[in-house]
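Peer 1: I'm passing along query.txt; it holds compact mmCIF, C-alpha atoms.
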```txt
# COMPACT_ATOMS: atom_id res chain seq x y z
CA MET H 1 -66.33 -145.35 20.93
CA ALA H 2 -67.45 -143.17 18.04
CA GLU H 3 -65.21 -145.19 15.69
CA LEU H 4 -66.81 -148.44 16.88
CA ILE H 5 -70.31 -147.10 16.27
CA ARG H 6 -69.25 -145.91 12.81
CA ARG H 7 -68.12 -149.45 11.86
CA LEU H 8 -71.16 -151.27 13.30
CA PRO H 9 -73.44 -150.91 10.22
CA GLY H 10 -70.70 -152.39 8.03
CA ALA H 11 -70.34 -155.39 10.36
CA VAL H 12 -74.11 -155.99 10.35
CA LEU H 13 -74.30 -155.59 6.57
CA ARG H 14 -71.40 -158.02 6.00
CA ASN H 15 -72.97 -160.63 8.26
CA CYS H 16 -76.43 -160.27 6.67
CA LEU H 17 -74.93 -160.52 3.18
CA LEU H 18 -73.11 -163.71 4.11
CA LEU H 19 -76.16 -165.26 5.78
CA THR H 20 -78.30 -164.42 2.73
CA GLY H 21 -75.78 -166.10 0.42
CA GLU H 22 -75.67 -169.16 2.66
CA PHE H 23 -79.46 -169.41 2.77
CA ALA H 24 -79.58 -169.22 -1.04
CA ALA H 25 -76.98 -172.00 -1.20
CA ILE H 26 -78.98 -174.16 1.21
CA TRP H 27 -82.05 -173.65 -0.95
CA LEU H 28 -80.10 -174.59 -4.11
CA LEU H 29 -78.64 -177.71 -2.47
CA GLN H 30 -82.00 -179.27 -1.57
CA GLY H 31 -82.13 -182.98 -2.21
CA PRO H 32 -79.34 -185.33 -3.22
CA GLU H 33 -79.01 -184.00 -6.78
CA GLY H 34 -78.01 -180.42 -5.97
CA ALA H 35 -75.19 -178.70 -7.85
CA TRP H 36 -72.80 -179.04 -4.91
CA ILE H 37 -69.46 -177.98 -6.40
CA PRO H 38 -70.44 -174.69 -8.12
CA VAL H 39 -72.74 -173.62 -5.29
CA LEU H 40 -70.17 -174.30 -2.56
CA LEU H 41 -67.45 -172.63 -4.63
CA ALA H 42 -69.65 -169.54 -4.93
CA VAL H 43 -70.24 -169.56 -1.16
CA PHE H 44 -66.47 -169.84 -0.59
CA VAL H 45 -65.81 -166.85 -2.89
CA LEU H 46 -68.57 -164.84 -1.17
CA GLY H 47 -67.15 -165.71 2.25
CA ALA H 48 -63.68 -164.60 1.17
CA ALA H 49 -65.05 -161.36 -0.31
CA VAL H 50 -67.23 -160.32 2.64
CA PRO H 51 -64.30 -158.92 4.69
CA HIS H 52 -63.45 -156.54 1.81
CA GLY H 53 -62.72 -153.09 3.15
CA THR H 54 -61.19 -154.37 6.38
CA ASP H 55 -57.62 -155.18 7.30
CA ALA H 56 -58.38 -158.91 7.13
CA GLU H 57 -55.43 -160.95 5.92
CA PHE H 58 -55.40 -164.32 4.10
CA VAL H 59 -56.01 -166.46 7.20
CA ALA H 60 -59.01 -164.40 8.36
CA ARG H 61 -60.59 -164.34 4.90
CA THR H 62 -60.04 -168.07 4.44
CA SER H 63 -61.53 -168.77 7.89
CA VAL H 64 -64.68 -166.81 7.04
CA ALA H 65 -64.93 -168.57 3.66
CA LEU H 66 -64.54 -172.05 5.18
CA LEU H 67 -67.09 -171.26 7.88
CA ALA H 68 -69.51 -170.08 5.17
CA VAL H 69 -69.13 -173.39 3.32
CA ALA H 70 -69.58 -175.32 6.59
CA VAL H 71 -72.78 -173.38 7.37
CA ALA H 72 -74.16 -174.08 3.88
CA VAL H 73 -73.42 -177.83 4.08
CA ALA H 74 -74.70 -178.21 7.67
CA GLY H 75 -77.78 -176.12 6.88
CA GLY H 76 -78.56 -178.25 3.82
CA ILE H 77 -78.32 -181.45 5.83
CA THR H 78 -80.47 -179.98 8.61
CA TRP H 79 -83.10 -178.77 6.14
CA ASP H 80 -83.36 -182.15 4.38
CA ARG H 81 -83.58 -184.06 7.69
CA HIS H 82 -86.19 -181.63 9.03
CA THR H 83 -88.25 -181.99 5.83
CA LEU H 84 -88.10 -185.79 5.96
CA HIS H 85 -88.91 -185.80 9.69
CA ASP H 86 -91.96 -183.55 9.25
CA ARG H 87 -93.39 -184.63 5.87
CA GLY H 88 -91.51 -187.80 4.99
CA ARG H 89 -93.44 -190.82 3.82
CA GLU H 90 -91.95 -194.31 4.10
CA GLU H 91 -92.16 -196.32 0.89
CA GLN H 92 -90.63 -199.40 -0.70
CA ALA H 93 -88.13 -198.77 -3.49
CA ILE H 94 -86.95 -201.21 -6.12
CA VAL H 95 -83.43 -201.35 -7.53
CA ILE H 96 -83.85 -200.68 -11.27
CA GLU H 97 -80.20 -200.43 -12.26
CA ARG H 98 -76.92 -201.57 -10.75
CA THR H 99 -73.62 -200.21 -12.04
CA VAL H 100 -70.06 -200.45 -10.84
CA VAL H 101 -68.16 -197.19 -10.41
CA GLU H 102 -64.39 -197.30 -10.63
CA ASP H 103 -62.69 -194.93 -8.23
CA GLY H 104 -59.01 -195.14 -9.07
CA SER H 105 -57.89 -198.36 -7.43
CA THR H 106 -61.25 -199.64 -6.13
CA THR H 107 -64.68 -200.38 -7.52
CA ALA H 108 -67.95 -199.63 -5.77
CA PRO H 109 -71.53 -200.55 -6.66
CA SER H 110 -73.99 -197.76 -7.43
CA LEU H 111 -77.76 -198.24 -7.51
CA ARG H 112 -80.66 -196.34 -9.09
CA LEU H 113 -83.99 -196.67 -7.30
CA ARG H 114 -87.65 -196.31 -8.22
CA THR H 115 -90.48 -196.24 -5.69
CA GLU H 116 -93.47 -198.53 -6.08
CA ALA H 117 -95.46 -195.43 -7.01
CA GLY H 118 -93.18 -194.99 -10.05
CA ARG H 119 -91.05 -192.07 -8.86
CA ASP H 120 -87.36 -192.28 -9.83
CA LEU H 121 -85.17 -191.22 -6.94
CA PRO H 122 -82.33 -188.89 -8.00
CA GLY H 123 -78.74 -189.69 -7.18
CA PRO H 124 -76.98 -193.01 -6.86
CA VAL H 125 -77.03 -195.16 -3.72
CA ALA H 126 -73.78 -196.77 -2.59
CA LYS H 127 -75.10 -200.20 -1.59
CA ASP H 128 -74.56 -203.64 -3.03
CA LEU H 129 -77.97 -205.09 -3.91
CA PRO H 130 -79.10 -206.97 -7.03
CA VAL H 131 -81.52 -205.50 -9.57
CA GLY H 132 -85.08 -206.08 -8.39
CA ALA H 133 -84.20 -205.95 -4.67
CA ARG H 134 -86.47 -203.90 -2.41
CA LEU H 135 -85.50 -201.54 0.37
CA LYS H 136 -87.24 -199.01 2.58
CA VAL H 137 -86.82 -195.30 1.75
CA THR H 138 -88.31 -192.12 3.13
CA VAL H 139 -89.36 -189.55 0.52
CA ASP H 140 -90.71 -186.01 0.67
CA PRO H 141 -93.92 -186.10 -1.40
CA ASP H 142 -93.58 -182.40 -2.27
CA GLY H 143 -89.86 -182.16 -3.04
CA PRO H 144 -86.60 -183.79 -3.96
CA ALA H 145 -85.46 -184.85 -0.46
CA TRP H 146 -85.24 -188.57 0.24
CA SER H 147 -83.12 -190.99 2.23
CA VAL H 148 -82.56 -194.71 2.55
CA GLY H 149 -84.22 -196.19 5.63
CA GLY H 150 -87.07 -195.15 7.85
CA ARG H 151 -88.20 -191.68 8.81
CA PRO H 152 -85.32 -189.85 10.56
CA ASP H 153 -85.58 -188.44 14.06
CA GLY H 154 -85.86 -184.69 14.56
CA PRO H 155 -82.67 -182.93 13.42
CA ARG H 156 -81.78 -181.63 16.90
CA TRP H 157 -78.01 -182.17 16.68
CA PRO H 158 -77.58 -181.04 13.08
CA ALA H 159 -79.61 -177.91 13.89
CA LEU H 160 -77.49 -177.19 16.97
CA GLY H 161 -74.32 -177.69 14.94
CA THR H 162 -75.57 -175.33 12.23
CA GLY H 163 -76.51 -172.74 14.86
CA ALA H 164 -73.08 -173.01 16.50
CA LEU H 165 -71.38 -172.49 13.13
CA ILE H 166 -73.55 -169.44 12.41
CA LEU H 167 -72.73 -167.99 15.84
CA LEU H 168 -68.99 -168.57 15.34
CA GLN H 169 -69.16 -167.00 11.90
CA THR H 170 -71.08 -163.97 13.23
CA VAL H 171 -68.49 -163.43 15.97
CA LEU H 172 -65.60 -163.76 13.49
CA VAL H 173 -67.12 -161.38 10.92
CA GLY H 174 -67.98 -158.93 13.70
CA ARG H 175 -64.47 -159.10 15.14
CA ILE H 176 -62.91 -158.55 11.71
CA SER H 177 -65.27 -155.69 10.90
CA LEU H 178 -65.03 -153.87 14.23
CA ARG H 179 -61.31 -154.05 14.94
CA ARG H 180 -59.15 -150.97 14.60
CA HIS H 181 -57.28 -150.35 11.40
CA ARG H 182 -53.53 -150.65 11.57
CA ALA H 183 -51.63 -147.49 10.99
```
Take the structure in the file and write it out as structure tokens.
Peer 2:
Amino acid sequence: MAELIRRLPGAVLRNCLLLTGEFAAIWLLQGPEGAWIPVLLAVFVLGAAVPHGTDAEFVARTSVALLAVAVAVAGGITWDRHTLHDRGREEQAIVIERTVVEDGSTTAPSLRLRTEAGRDLPGPVAKDLPVGARLKVTVDPDGPAWSVGGRPDGPRWPALGTGALILLQTVLVGRISLRRHRA
């Protein structure tokens, strides 16, 4: 029992460090133009490093790292949907540029949009509409979040999924941190 109590602060510290890194990643990934690859790679490396000082093997470290990436992605989606649900404003957007993106063997159209108020929306849209076409978008007046279509419903299911991933990650990090060392 004394050994378990001695390891408890390390387990709490590891979990808090990982949650802090994930929150920072969610904050950096706001909106469709976030730097997804470097941020998620950093979260993966942090997740793999958090079990340092334990007997965690490759599979356990990789599991923690993949859960950390999943929490960051799910949290980013939840945050954007929550923002658009609470503060989103429906507007009309106009297609200002249409390009064709070649993806190996196929081609796909990519659109750039501008709202009637003159705001350019970051990130391409994968729809096939001609230049000058109008479509409904929901934008956050105070930030980069936006989506095609009307105002989304409350993010109940994405939030529950993010919470379940955080709980699973907390249990896994706690289990790794609190288990006995092999002799």
Peer 1: Can you list every residue of range 59-111 of chain H that has an atom at most 6 Å from range 116-134 of chain H, with its nearest atom pair and the distance in Å to one decimal, using only C-alpha atoms, ordered by chain then number, as CSV?
Peer 2:
```
residue,atom,partner,partner_atom,distance
H:Ala93,CA,H:Arg134,CA,5.5
H:Ile94,CA,H:Arg134,CA,4.6
H:Val95,CA,H:Val131,CA,5.0
H:Ile96,CA,H:Val131,CA,5.6
H:Glu97,CA,H:Val131,CA,5.9
H:Pro109,CA,H:Asp128,CA,5.6
H:Ser110,CA,H:Ala126,CA,4.9
H:Leu111,CA,H:Val125,CA,4.9
```
Peer 1: Go through H:Leu84, H:Leu113, H:Ala48, H:Ala68 and flag the residue nearest Asp140 in chain H, using only C-alpha atoms for the distances.
Peer 2: H:Leu84
Peer 1: With all atoms listed in the file as the atoms that count, which of H:Lys136, H:Leu178, H:Gly163, H:Val173 lies nearest to Thr62 in chain H?
Peer 2: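 Checking each candidate against Thr62 in chain H, we get H:Val173 as the closest.
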Peer 1: To one decimal place, how far is CA of Leu167 in chain H from CA of Ala74 in chain H in Å?
Peer 2: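 That distance, rounded to one decimal, is 13.2 Å.
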Peer 1: Starting from the point (-84.3, -198.6, 2.0), work out which residues of protein, DNA or RNA have an atom no more than 6 Å away when counting only C-alpha atoms; state them as a list of chain:residue names.
Peer 2: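 Protein and nucleic acid residues near the point are H:Leu135, H:Lys136, H:Val137, H:Val148, H:Gly149.
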